[in-house]
file entry-v2.txt (compact mmCIF, C-alpha atoms and all ligand atoms)
# COMPACT_ATOMS: atom_id res chain seq x y z
CA MET A 1 -23.68 5.96 17.50
CA TYR A 2 -21.36 7.50 20.13
CA LYS A 3 -20.74 11.13 21.02
CA LEU A 4 -17.21 12.49 20.63
CA THR A 5 -16.69 15.75 22.47
CA ILE A 6 -13.80 18.15 21.89
CA GLY A 7 -14.12 21.24 24.09
CA GLU A 8 -17.56 22.74 23.45
CA LYS A 9 -18.19 20.76 20.27
CA THR A 10 -19.85 17.38 19.89
CA TYR A 11 -19.59 15.05 16.93
CA TYR A 12 -21.39 11.78 16.25
CA CYS A 13 -19.35 8.73 15.31
CA GLN A 14 -21.43 6.72 12.83
CA PRO A 15 -21.45 2.91 13.01
CA GLY A 16 -18.34 1.55 11.29
CA GLU A 17 -16.49 4.88 11.43
CA SER A 18 -13.22 5.41 13.27
CA VAL A 19 -12.71 8.51 15.38
CA LEU A 20 -10.46 9.82 12.60
CA ASP A 21 -13.17 9.21 9.96
CA THR A 22 -15.64 11.22 12.04
CA PHE A 23 -13.22 14.08 12.57
CA LEU A 24 -12.29 14.23 8.89
CA ARG A 25 -15.96 14.16 7.87
CA GLU A 26 -16.59 17.03 10.29
CA ASN A 27 -13.50 18.98 9.15
CA VAL A 28 -11.83 18.83 12.54
CA ASN A 29 -8.21 19.91 12.14
CA ILE A 30 -6.46 16.65 13.05
CA SER A 31 -3.11 15.46 11.83
CA PHE A 32 -3.02 12.10 10.02
CA ALA A 33 -1.08 10.34 7.27
CA CYS A 34 -1.48 6.55 6.91
CA LYS A 35 -4.93 5.84 8.40
CA LYS A 36 -3.59 2.38 9.28
CA GLY A 37 -1.97 2.76 12.68
CA THR A 38 1.55 2.96 11.26
CA CYS A 39 2.59 6.61 11.34
CA HIS A 40 1.13 7.60 14.75
CA SER A 41 0.43 11.12 13.51
CA CYS A 42 -3.27 10.91 14.51
CA ILE A 43 -2.51 10.44 18.21
CA VAL A 44 -5.13 11.94 20.55
CA ARG A 45 -6.09 11.51 24.21
CA SER A 46 -9.22 10.71 26.15
CA PRO A 47 -8.54 12.12 29.65
CA ASN A 48 -11.33 10.30 31.51
CA ILE A 49 -11.99 7.12 29.57
CA LEU A 50 -9.78 4.15 28.86
CA PRO A 51 -9.65 3.91 25.05
CA PRO A 52 -10.14 0.51 23.38
CA GLU A 53 -6.94 -1.54 23.62
CA SER A 54 -6.92 -2.01 19.85
CA ALA A 55 -6.52 1.77 19.42
CA GLN A 56 -3.32 1.79 21.47
CA VAL A 57 -1.40 -0.87 19.55
CA GLY A 58 2.25 0.12 19.13
CA LEU A 59 2.14 3.08 21.52
CA LYS A 60 4.70 3.42 24.30
CA ASN A 61 3.45 2.35 27.73
CA THR A 62 3.85 5.90 29.05
CA LEU A 63 1.44 7.18 26.39
CA LYS A 64 -0.98 4.30 26.97
CA LYS A 65 -1.09 5.12 30.68
CA LEU A 66 -2.14 8.69 29.84
CA ASN A 67 -4.99 7.33 27.69
CA HIS A 68 -3.43 8.34 24.39
CA PHE A 69 -4.69 6.41 21.39
CA LEU A 70 -4.66 6.43 17.59
CA ALA A 71 -7.78 8.04 16.17
CA CYS A 72 -7.59 5.98 12.97
CA LEU A 73 -7.71 2.70 14.92
CA CYS A 74 -10.36 3.75 17.41
CA HIS A 75 -13.91 2.48 16.99
CA PRO A 76 -15.54 3.90 20.14
CA GLU A 77 -17.30 1.61 22.58
CA GLN A 78 -18.81 4.51 24.57
CA ASN A 79 -19.09 8.31 24.43
CA MET A 80 -15.67 9.94 24.62
CA VAL A 81 -14.22 13.31 25.54
CA ILE A 82 -11.19 13.81 23.34
CA LYS A 83 -8.25 16.17 23.58
CA LEU A 84 -6.19 16.92 20.52
CA PRO A 85 -2.61 17.04 21.79
CA ASP A 86 -0.26 19.93 21.39
CA GLN A 87 1.62 18.56 18.37
CA SER A 88 4.91 20.05 19.60
CA GLU A 89 4.84 17.30 22.26
CA PHE A 90 5.56 14.74 19.53
CA TYR A 91 7.80 16.72 17.20
CA THR A 92 11.37 18.04 17.27
CA GLU A 93 12.44 20.96 15.18
CA GLY A 94 15.18 20.37 12.63
CA THR A 95 16.89 22.69 10.15
CA VAL A 96 17.21 21.94 6.46
CA VAL A 97 20.92 21.91 5.63
CA VAL A 98 20.84 20.31 2.17
CA ASN A 99 18.18 20.33 -0.50
CA GLN A 100 19.26 19.33 -3.96
CA LEU A 101 18.04 17.06 -6.73
CA LEU A 102 19.26 13.46 -6.96
CA ASN A 103 17.52 13.07 -10.32
CA ARG A 104 14.79 14.89 -12.23
CA ASN A 105 12.11 14.16 -9.63
CA THR A 106 13.87 13.09 -6.44
CA LEU A 107 15.00 15.57 -3.84
CA LEU A 108 17.79 14.92 -1.36
CA LEU A 109 16.78 16.61 1.87
CA ILE A 110 19.11 16.65 4.87
CA ILE A 111 17.80 17.91 8.17
CA ALA A 112 20.11 18.70 11.10
CA PHE A 113 19.23 18.63 14.82
CA LYS A 114 20.79 20.24 17.86
CA ASP A 115 20.98 16.90 19.67
CA ALA A 116 21.49 13.34 18.53
CA PHE A 117 18.38 11.91 16.86
CA GLU A 118 17.64 8.31 17.88
CA PHE A 119 16.80 5.94 15.06
CA ASN A 120 17.71 2.73 13.29
CA ALA A 121 18.75 2.93 9.65
CA GLY A 122 15.67 2.14 7.53
CA GLN A 123 13.05 3.56 9.91
CA PHE A 124 10.79 6.44 8.94
CA VAL A 125 9.61 9.68 10.55
CA ASN A 126 6.67 11.98 9.99
CA LEU A 127 7.46 15.43 8.67
CA GLN A 128 4.90 18.10 9.47
CA ARG A 129 4.18 21.35 7.67
CA PRO A 130 3.31 24.44 9.72
CA ASP A 131 -0.36 24.00 8.68
CA GLY A 132 -0.37 20.47 10.19
CA LEU A 133 -0.16 18.49 6.93
CA THR A 134 1.85 15.38 7.80
CA ARG A 135 3.59 12.74 5.69
CA SER A 136 5.91 9.83 6.42
CA TYR A 137 9.41 9.65 4.89
CA SER A 138 12.09 7.00 5.28
CA ILE A 139 15.52 7.77 6.67
CA ALA A 140 18.35 7.07 4.22
CA ASN A 141 21.40 7.45 6.46
CA ILE A 142 22.79 5.62 9.47
CA PRO A 143 22.72 7.00 13.04
CA GLN A 144 26.49 7.24 13.38
CA ALA A 145 26.76 9.77 10.56
CA SER A 146 26.02 12.92 12.66
CA ASN A 147 22.98 14.68 14.10
CA THR A 148 21.30 14.63 10.72
CA LEU A 149 18.60 12.74 8.88
CA GLU A 150 18.72 12.20 5.13
CA PHE A 151 15.59 11.78 3.00
CA HIS A 152 14.88 11.08 -0.67
CA ILE A 153 11.61 12.74 -1.66
CA ARG A 154 9.89 11.91 -4.91
CA ARG A 155 7.84 14.71 -6.44
CA LEU A 156 4.29 13.50 -7.03
CA PRO A 157 2.26 15.52 -9.53
CA ASP A 158 -0.09 17.65 -7.41
CA GLY A 159 1.25 15.98 -4.28
CA ARG A 160 0.73 18.54 -1.56
CA PHE A 161 3.62 17.67 0.69
CA SER A 162 6.20 16.53 -1.84
CA GLU A 163 5.63 19.58 -4.06
CA TRP A 164 5.95 21.82 -1.01
CA LEU A 165 9.29 20.21 -0.16
CA HIS A 166 10.52 20.41 -3.76
CA ASP A 167 9.35 23.93 -4.50
CA GLU A 168 9.28 25.88 -1.27
CA ILE A 169 11.58 24.51 1.40
CA LYS A 170 15.01 26.14 1.41
CA THR A 171 18.21 25.52 3.35
CA GLY A 172 17.98 27.26 6.71
CA ASP A 173 14.22 26.60 7.01
CA THR A 174 13.00 24.66 10.02
CA ILE A 175 10.67 21.68 9.87
CA ALA A 176 8.89 19.54 12.48
CA VAL A 177 10.07 15.91 12.63
CA SER A 178 8.47 13.10 14.68
CA GLU A 179 10.25 10.26 16.46
CA ALA A 180 11.53 7.46 14.24
CA ARG A 181 9.13 4.56 13.76
CA GLY A 182 8.84 1.26 11.94
CA HIS A 183 10.42 -2.17 12.10
CA CYS A 184 12.13 -2.30 8.72
CA PHE A 185 15.76 -2.14 9.81
CA TYR A 186 18.92 -4.25 10.01
CA LEU A 187 19.87 -6.10 13.18
CA PRO A 188 23.53 -7.10 13.39
CA GLU A 189 22.93 -10.79 14.04
CA ARG A 190 23.38 -13.88 11.86
CA LYS A 191 25.91 -11.97 9.80
CA GLU A 192 26.42 -14.90 7.44
CA GLN A 193 22.76 -14.76 6.36
CA GLY A 194 21.95 -13.69 2.79
CA LEU A 195 20.22 -10.31 2.52
CA VAL A 196 17.98 -9.34 -0.37
CA LEU A 197 16.93 -5.71 -0.68
CA VAL A 198 14.28 -4.82 -3.25
CA GLY A 199 13.03 -1.28 -3.82
CA THR A 200 11.28 0.90 -6.36
CA GLY A 201 11.94 4.64 -6.74
CA THR A 202 12.62 6.30 -3.39
CA GLY A 203 12.34 2.86 -1.81
CA LEU A 204 16.12 3.12 -2.18
CA ALA A 205 16.17 5.54 0.78
CA PRO A 206 15.59 3.01 3.59
CA LEU A 207 17.46 0.32 1.67
CA ALA A 208 20.54 2.56 1.36
CA GLY A 209 20.47 3.04 5.14
CA ILE A 210 20.05 -0.69 5.74
CA LEU A 211 22.84 -1.52 3.28
CA THR A 212 25.27 0.97 4.85
CA ASP A 213 24.42 -0.37 8.29
CA ALA A 214 24.91 -4.02 7.25
CA LEU A 215 28.24 -3.32 5.51
CA GLY A 216 29.36 -1.19 8.46
CA HIS A 217 28.64 -4.09 10.81
CA GLY A 218 30.74 -6.39 8.65
CA HIS A 219 27.83 -8.47 7.37
CA SER A 220 29.55 -11.39 5.66
CA GLY A 221 26.67 -13.09 3.83
CA PRO A 222 25.75 -12.12 0.25
CA ILE A 223 23.81 -8.83 -0.04
CA TYR A 224 21.74 -8.24 -3.18
CA LEU A 225 20.22 -4.83 -3.89
CA PHE A 226 17.64 -4.66 -6.69
CA HIS A 227 16.57 -1.08 -7.42
CA GLY A 228 13.89 -0.53 -10.03
CA SER A 229 12.22 2.21 -11.99
CA ARG A 230 10.79 2.69 -15.44
CA GLU A 231 13.35 5.03 -16.99
CA VAL A 232 17.07 5.32 -16.31
CA ASP A 233 16.56 9.00 -15.40
CA ASP A 234 14.41 7.95 -12.45
CA LEU A 235 17.13 5.85 -10.83
CA TYR A 236 19.73 7.59 -8.68
CA ARG A 237 22.94 6.86 -6.77
CA VAL A 238 23.82 4.32 -9.49
CA ASP A 239 27.55 5.15 -9.55
CA GLU A 240 27.75 5.15 -5.77
CA MET A 241 26.16 1.70 -5.58
CA ARG A 242 28.41 0.34 -8.35
CA LYS A 243 31.43 1.61 -6.44
CA LEU A 244 30.25 -0.07 -3.24
CA ALA A 245 29.81 -3.31 -5.19
CA GLU A 246 33.44 -3.01 -6.36
CA GLN A 247 34.62 -2.44 -2.80
CA HIS A 248 32.61 -5.27 -1.18
CA GLN A 249 32.85 -8.71 -2.74
CA ASN A 250 29.64 -9.87 -1.05
CA PHE A 251 27.53 -6.93 -2.34
CA TYR A 252 25.68 -7.20 -5.67
CA TYR A 253 23.84 -4.22 -7.15
CA ILE A 254 21.26 -4.79 -9.87
CA PRO A 255 19.60 -1.62 -11.26
CA CYS A 256 16.46 -2.63 -13.18
CA LEU A 257 14.46 -0.72 -15.81
CA SER A 258 10.96 -1.74 -16.82
CA GLY A 259 10.68 0.76 -19.72
CA LYS A 260 11.71 0.14 -23.34
CA HIS A 261 15.04 1.98 -23.35
CA VAL A 262 17.62 0.04 -21.36
CA PRO A 263 21.24 1.26 -21.59
CA GLU A 264 24.15 -1.11 -21.14
CA GLY A 265 24.80 -2.03 -17.51
CA PHE A 266 21.12 -2.10 -16.55
CA THR A 267 18.80 -5.10 -16.41
CA HIS A 268 15.56 -5.05 -18.36
CA GLY A 269 12.40 -5.95 -16.48
CA ARG A 270 10.41 -5.36 -13.34
CA VAL A 271 12.51 -5.30 -10.23
CA ASN A 272 10.40 -7.94 -8.45
CA GLU A 273 10.55 -10.38 -11.35
CA ILE A 274 14.30 -9.95 -11.74
CA ALA A 275 14.92 -10.42 -8.02
CA LEU A 276 12.83 -13.60 -7.97
CA ALA A 277 14.50 -14.97 -11.09
CA THR A 278 17.99 -14.25 -9.72
CA LEU A 279 17.50 -15.71 -6.26
CA VAL A 280 15.70 -18.98 -6.65
CA ASP A 281 15.83 -20.27 -3.07
CA LEU A 282 15.36 -17.76 -0.23
CA LYS A 283 15.41 -20.23 2.65
CA ASP A 284 17.27 -18.57 5.56
CA TRP A 285 17.53 -15.23 3.71
CA ARG A 286 16.54 -11.90 5.24
CA VAL A 287 14.35 -9.81 2.97
CA PHE A 288 13.82 -6.03 2.89
CA LEU A 289 11.11 -4.60 0.63
CA CYS A 290 10.45 -0.87 0.25
CA GLY A 291 8.53 1.38 -2.10
CA HIS A 292 5.46 0.84 -4.26
CA PRO A 293 2.76 -0.92 -2.16
CA GLU A 294 1.82 -3.33 -4.96
CA MET A 295 5.42 -4.47 -5.41
CA VAL A 296 5.92 -4.77 -1.65
CA ASN A 297 2.78 -6.83 -1.09
CA GLN A 298 3.43 -9.12 -4.02
CA MET A 299 7.05 -9.66 -2.96
CA LYS A 300 6.09 -10.44 0.62
CA LYS A 301 4.08 -13.39 -0.68
CA MET A 302 6.57 -14.46 -3.31
CA THR A 303 9.66 -14.35 -1.08
CA PHE A 304 7.75 -16.36 1.52
CA LEU A 305 6.82 -18.92 -1.14
CA LYS A 306 10.51 -19.06 -2.13
CA GLY A 307 11.43 -20.13 1.38
CA ALA A 308 12.00 -16.91 3.39
CA SER A 309 10.55 -17.11 6.87
CA MET A 310 7.85 -14.51 7.69
CA LYS A 311 9.95 -13.28 10.61
CA ASP A 312 12.80 -12.53 8.20
CA ILE A 313 10.69 -10.40 5.84
CA TYR A 314 10.78 -6.67 6.61
CA ALA A 315 8.72 -4.28 4.53
CA ASP A 316 7.70 -0.65 4.23
CA ALA A 317 5.02 0.02 1.65
CA PHE A 318 5.04 3.71 0.71
CA LEU A 319 1.28 4.08 1.00
CA ILE A 320 -0.02 7.30 -0.47
CA THR A 321 -2.53 9.03 1.76
CA ALA A 322 -5.96 9.36 0.20
CA THR A 323 -8.07 12.18 1.53
C1 LIG B 1 6.25 4.32 5.85
C2 LIG B 1 6.30 5.25 4.65
C3 LIG B 1 7.52 5.72 4.19
C4 LIG B 1 7.58 6.56 3.10
N1 LIG B 1 8.79 6.98 2.64
C5 LIG B 1 8.88 7.78 1.56
C6 LIG B 1 10.16 8.20 1.07
O1 LIG B 1 11.22 7.88 1.62
N2 LIG B 1 10.17 9.01 -0.03
C7 LIG B 1 9.03 9.40 -0.68
O2 LIG B 1 9.12 10.13 -1.67
N3 LIG B 1 7.80 9.00 -0.22
C8 LIG B 1 7.70 8.23 0.89
N4 LIG B 1 6.46 7.85 1.35
C9 LIG B 1 5.24 8.42 0.72
C10 LIG B 1 4.93 9.79 1.38
O3 LIG B 1 4.55 9.58 2.73
C11 LIG B 1 3.79 10.56 0.72
O4 LIG B 1 2.65 9.74 0.66
C12 LIG B 1 4.14 11.05 -0.68
O5 LIG B 1 5.25 11.93 -0.64
C13 LIG B 1 2.94 11.79 -1.32
O6 LIG B 1 2.53 12.83 -0.48
P1 LIG B 1 2.00 14.20 -1.12
O7 LIG B 1 1.41 15.00 0.00
O8 LIG B 1 3.04 14.83 -1.95
O9 LIG B 1 0.85 13.72 -2.08
P2 LIG B 1 -0.76 13.75 -1.76
O10 LIG B 1 -1.23 15.15 -1.71
O11 LIG B 1 -0.99 12.89 -0.60
O12 LIG B 1 -1.28 13.12 -3.08
C14 LIG B 1 -0.83 11.84 -3.54
C15 LIG B 1 -1.29 11.62 -4.96
O13 LIG B 1 -2.68 11.51 -4.98
C16 LIG B 1 -3.23 12.48 -5.85
N5 LIG B 1 -4.44 13.00 -5.14
C17 LIG B 1 -4.49 13.73 -4.02
N6 LIG B 1 -5.76 13.97 -3.66
C18 LIG B 1 -6.53 13.39 -4.60
C19 LIG B 1 -7.91 13.29 -4.79
N7 LIG B 1 -8.78 13.85 -3.96
N8 LIG B 1 -8.34 12.59 -5.88
C20 LIG B 1 -7.47 12.03 -6.72
N9 LIG B 1 -6.15 12.09 -6.60
C21 LIG B 1 -5.69 12.77 -5.55
C22 LIG B 1 -2.15 13.54 -6.04
O14 LIG B 1 -2.22 14.15 -7.30
C23 LIG B 1 -0.89 12.78 -5.88
O15 LIG B 1 -0.44 12.24 -7.10
C24 LIG B 1 6.38 6.99 2.44
C25 LIG B 1 5.14 6.54 2.92
C26 LIG B 1 5.10 5.69 4.01
C27 LIG B 1 3.75 5.20 4.50
S1 LIG B 2 -1.52 6.06 12.68
FE1 LIG B 2 -3.38 7.04 12.36
S2 LIG B 2 -3.12 8.13 10.54
FE2 LIG B 2 -1.27 7.00 10.75
call {"tool": "encode", "arguments": {"input": "entry-v2.txt", "output": "structure tokens"}}
result
Amino acid sequence: MYKLTIGEKTYYCQPGESVLDTFLRENVNISFACKKGTCHSCIVRSPNILPPESAQVGLKNTLKKLNHFLACLCHPEQNMVIKLPDQSEFYTEGTVVVNQLLNRNTLLLIIAFKDAFEFNAGQFVNLQRPDGLTRSYSIANIPQASNTLEFHIRRLPDGRFSEWLHDEIKTGDTIAVSEARGHCFYLPERKEQGLVLVGTGTGLAPLAGILTDALGHGHSGPIYLFHGSREVDDLYRVDEMRKLAEQHQNFYYIPCLSGKHVPEGFTHGRVNEIALATLVDLKDWRVFLCGHPEMVNQMKKMTFLKGASMKDIYADAFLITAT
């Protein structure tokens, strides 16, 4: 058991616990979202002790040099003095310029910045509430659009962050936004390669960015977008996608509904099953999977088994934080 000291206070990290686990058990006010080393919102610093290398995976070298590390990945190997960073160091302030519904439970949120915001279409950022509550959301637009980021936020019943965004945030409000992260984005190479994009619900957000980017770069290979939900009222941007499919001969849009009521023009079934039945051989295809973690994990395996190379499979599972 190692001692973790923050200022005057000392906490004891139990065997098997991460630094984040200890802090949450002790009600230390620390920001976190994924608990898996993805979102980087739990970044802290140990001024005098080199943190374990495994707790610095994915951090920039400049942060590593200053002994920053991710509390959720850190299983201490000695006693540590820990500084919780000033969060403003990692966040930029943006202003909400659009908040309107895309369907009955999905909010379109557009945040504008004074300066250009660096990102690749399909990456995600952390949004932070003034009380420190942090969640990850995927970017739905492409960088060239303007100094704005677009998000699609699904309202989760009793979801603390999503309900706050749906019910309380107004245009003109400011919100803290982290740097863009994640590896699920389009690279303009091998433009003749087939692309398959599969998403559930707001998984369309990163896929819409990736699609716009690929079409904008003149991707010439076939591009299939499978977007799934249960009811037709939970899909969105259907007309826009149909129009894009009319404009681009190599783009195919397949909206899928798993519920009983399936209007004309929609495909009945689970999005993953329909995608796999449509595209039998995925050798040399690039695959993008976003949304429900179960769908994403299953499709990673299945697309690999259908011939896609692991290095060509990009995925963002929308993990829900459990507290
Ligand atoms: C990389 C990434 C990208 C993402 N992109 C998007 C995106 O583009 N759009 C999007 O909408 N979401 C996205 N998400 C999901 C998002 O980060 C949030 O997890 C989601 O909005 C829910 O947050 P919340 O605070 O509203 O819900 P939470 O408060 O975290 O609650 C989640 C659910 O758990 C239930 N719950 C909470 N606490 C308990 C408890 N103690 N016991 C039982 N049940 C409980 C709640 O009722 C709720 O239904 C993404 C996630 C990741 C990791
Ligand atoms: S990286 Fe630690 S909570 Fe996400």
call {"tool": "residues_near_ligand", "arguments": {"input": "entry-v2.txt", "ligand": "ligand LIG 2 (chain B)", "cutoff": "12 Å", "atoms": "all atoms listed in the file", "output": "PDB file with C-alpha atoms, in the coordinates of the input"}}
result
ATOM      1  CA  SER A  18     -13.220   5.410  13.270  1.00  0.00           C
ATOM      2  CA  VAL A  19     -12.710   8.510  15.380  1.00  0.00           C
ATOM      3  CA  LEU A  20     -10.460   9.820  12.600  1.00  0.00           C
ATOM      4  CA  ASP A  21     -13.170   9.210   9.960  1.00  0.00           C
ATOM      5  CA  PHE A  23     -13.220  14.080  12.570  1.00  0.00           C
ATOM      6  CA  LEU A  24     -12.290  14.230   8.890  1.00  0.00           C
ATOM      7  CA  ILE A  30      -6.460  16.650  13.050  1.00  0.00           C
ATOM      8  CA  SER A  31      -3.110  15.460  11.830  1.00  0.00           C
ATOM      9  CA  PHE A  32      -3.020  12.100  10.020  1.00  0.00           C
ATOM     10  CA  ALA A  33      -1.080  10.340   7.270  1.00  0.00           C
ATOM     11  CA  CYS A  34      -1.480   6.550   6.910  1.00  0.00           C
ATOM     12  CA  LYS A  35      -4.930   5.840   8.400  1.00  0.00           C
ATOM     13  CA  LYS A  36      -3.590   2.380   9.280  1.00  0.00           C
ATOM     14  CA  GLY A  37      -1.970   2.760  12.680  1.00  0.00           C
ATOM     15  CA  THR A  38       1.550   2.960  11.260  1.00  0.00           C
ATOM     16  CA  CYS A  39       2.590   6.610  11.340  1.00  0.00           C
ATOM     17  CA  HIS A  40       1.130   7.600  14.750  1.00  0.00           C
ATOM     18  CA  SER A  41       0.430  11.120  13.510  1.00  0.00           C
ATOM     19  CA  CYS A  42      -3.270  10.910  14.510  1.00  0.00           C
ATOM     20  CA  ILE A  43      -2.510  10.440  18.210  1.00  0.00           C
ATOM     21  CA  VAL A  44      -5.130  11.940  20.550  1.00  0.00           C
ATOM     22  CA  ALA A  55      -6.520   1.770  19.420  1.00  0.00           C
ATOM     23  CA  GLN A  56      -3.320   1.790  21.470  1.00  0.00           C
ATOM     24  CA  VAL A  57      -1.400  -0.870  19.550  1.00  0.00           C
ATOM     25  CA  GLY A  58       2.250   0.120  19.130  1.00  0.00           C
ATOM     26  CA  LEU A  59       2.140   3.080  21.520  1.00  0.00           C
ATOM     27  CA  PHE A  69      -4.690   6.410  21.390  1.00  0.00           C
ATOM     28  CA  LEU A  70      -4.660   6.430  17.590  1.00  0.00           C
ATOM     29  CA  ALA A  71      -7.780   8.040  16.170  1.00  0.00           C
ATOM     30  CA  CYS A  72      -7.590   5.980  12.970  1.00  0.00           C
ATOM     31  CA  LEU A  73      -7.710   2.700  14.920  1.00  0.00           C
ATOM     32  CA  CYS A  74     -10.360   3.750  17.410  1.00  0.00           C
ATOM     33  CA  VAL A 125       9.610   9.680  10.550  1.00  0.00           C
ATOM     34  CA  ASN A 126       6.670  11.980   9.990  1.00  0.00           C
ATOM     35  CA  LEU A 133      -0.160  18.490   6.930  1.00  0.00           C
ATOM     36  CA  THR A 134       1.850  15.380   7.800  1.00  0.00           C
ATOM     37  CA  ARG A 135       3.590  12.740   5.690  1.00  0.00           C
ATOM     38  CA  SER A 136       5.910   9.830   6.420  1.00  0.00           C
ATOM     39  CA  ARG A 181       9.130   4.560  13.760  1.00  0.00           C
ATOM     40  CA  GLY A 182       8.840   1.260  11.940  1.00  0.00           C
ATOM     41  CA  LEU A 319       1.280   4.080   1.000  1.00  0.00           C
ATOM     42  CA  ILE A 320      -0.020   7.300  -0.470  1.00  0.00           C
ATOM     43  CA  THR A 321      -2.530   9.030   1.760  1.00  0.00           C
ATOM     44  CA  ALA A 322      -5.960   9.360   0.200  1.00  0.00           C
ATOM     45  CA  THR A 323      -8.070  12.180   1.530  1.00  0.00           C
TER      46      THR A 323
END
call {"tool": "atom_distance", "arguments": {"input": "entry-v2.txt", "atom1": "atom O15 of ligand LIG 1 (chain B)", "atom2": "atom CA of His152 of chain A"}}
result
16.7 Å
call {"tool": "residues_around", "arguments": {"input": "entry-v2.txt", "residues": "Leu282 of chain A", "least_positions_apart": "4", "cutoff": "8 Å", "atoms": "only C-alpha atoms", "output": "PyMOL selection string"}}
result
chain A and resi 303-304+306-308
call {"tool": "closest_residue", "arguments": {"input": "entry-v2.txt", "among": "A:Asp281, A:Glu53, A:Glu118, A:Glu8", "to": "Pro143 of chain A", "atoms": "all atoms listed in the file"}}
result
A:Glu118
call {"tool": "closest_residue", "arguments": {"input": "entry-v2.txt", "among": "A:Asn297, A:Thr202, A:Asn79, A:Ser309", "to": "ligand LIG 1 (chain B)", "atoms": "only C-alpha atoms and all ligand atoms"}}
result
A:Thr202
call {"tool": "residues_around", "arguments": {"input": "entry-v2.txt", "residues": "Ala112 of chain A", "least_positions_apart": "5", "cutoff": "6 Å", "atoms": "all atoms listed in the file", "output": "CSV table (one decimal) with C-alpha atoms, in the coordinates of the input"}}
result
chain,number,residue,atom,x,y,z
A,94,GLY,CA,15.2,20.4,12.6
A,95,THR,CA,16.9,22.7,10.2
A,147,ASN,CA,23.0,14.7,14.1
A,148,THR,CA,21.3,14.6,10.7
call {"tool": "closest_residue", "arguments": {"input": "entry-v2.txt", "among": "A:His227, A:His261, A:His219, A:Arg155", "to": "His248 of chain A", "atoms": "only C-alpha atoms"}}
result
A:His219
call {"tool": "atom_distance", "arguments": {"input": "entry-v2.txt", "atom1": "atom CA of Arg154 of chain A", "atom2": "atom C13 of ligand LIG 1 (chain B)"}}
result
7.8 Å
call {"tool": "atom_distance", "arguments": {"input": "entry-v2.txt", "atom1": "atom CA of Gly221 of chain A", "atom2": "atom CA of Ala121 of chain A"}}
result
18.8 Å
call {"tool": "closest_residue", "arguments": {"input": "entry-v2.txt", "among": "A:Leu195, A:Leu63, A:Leu50, A:Ile254", "to": "Arg242 of chain A", "atoms": "only C-alpha atoms"}}
result
A:Ile254
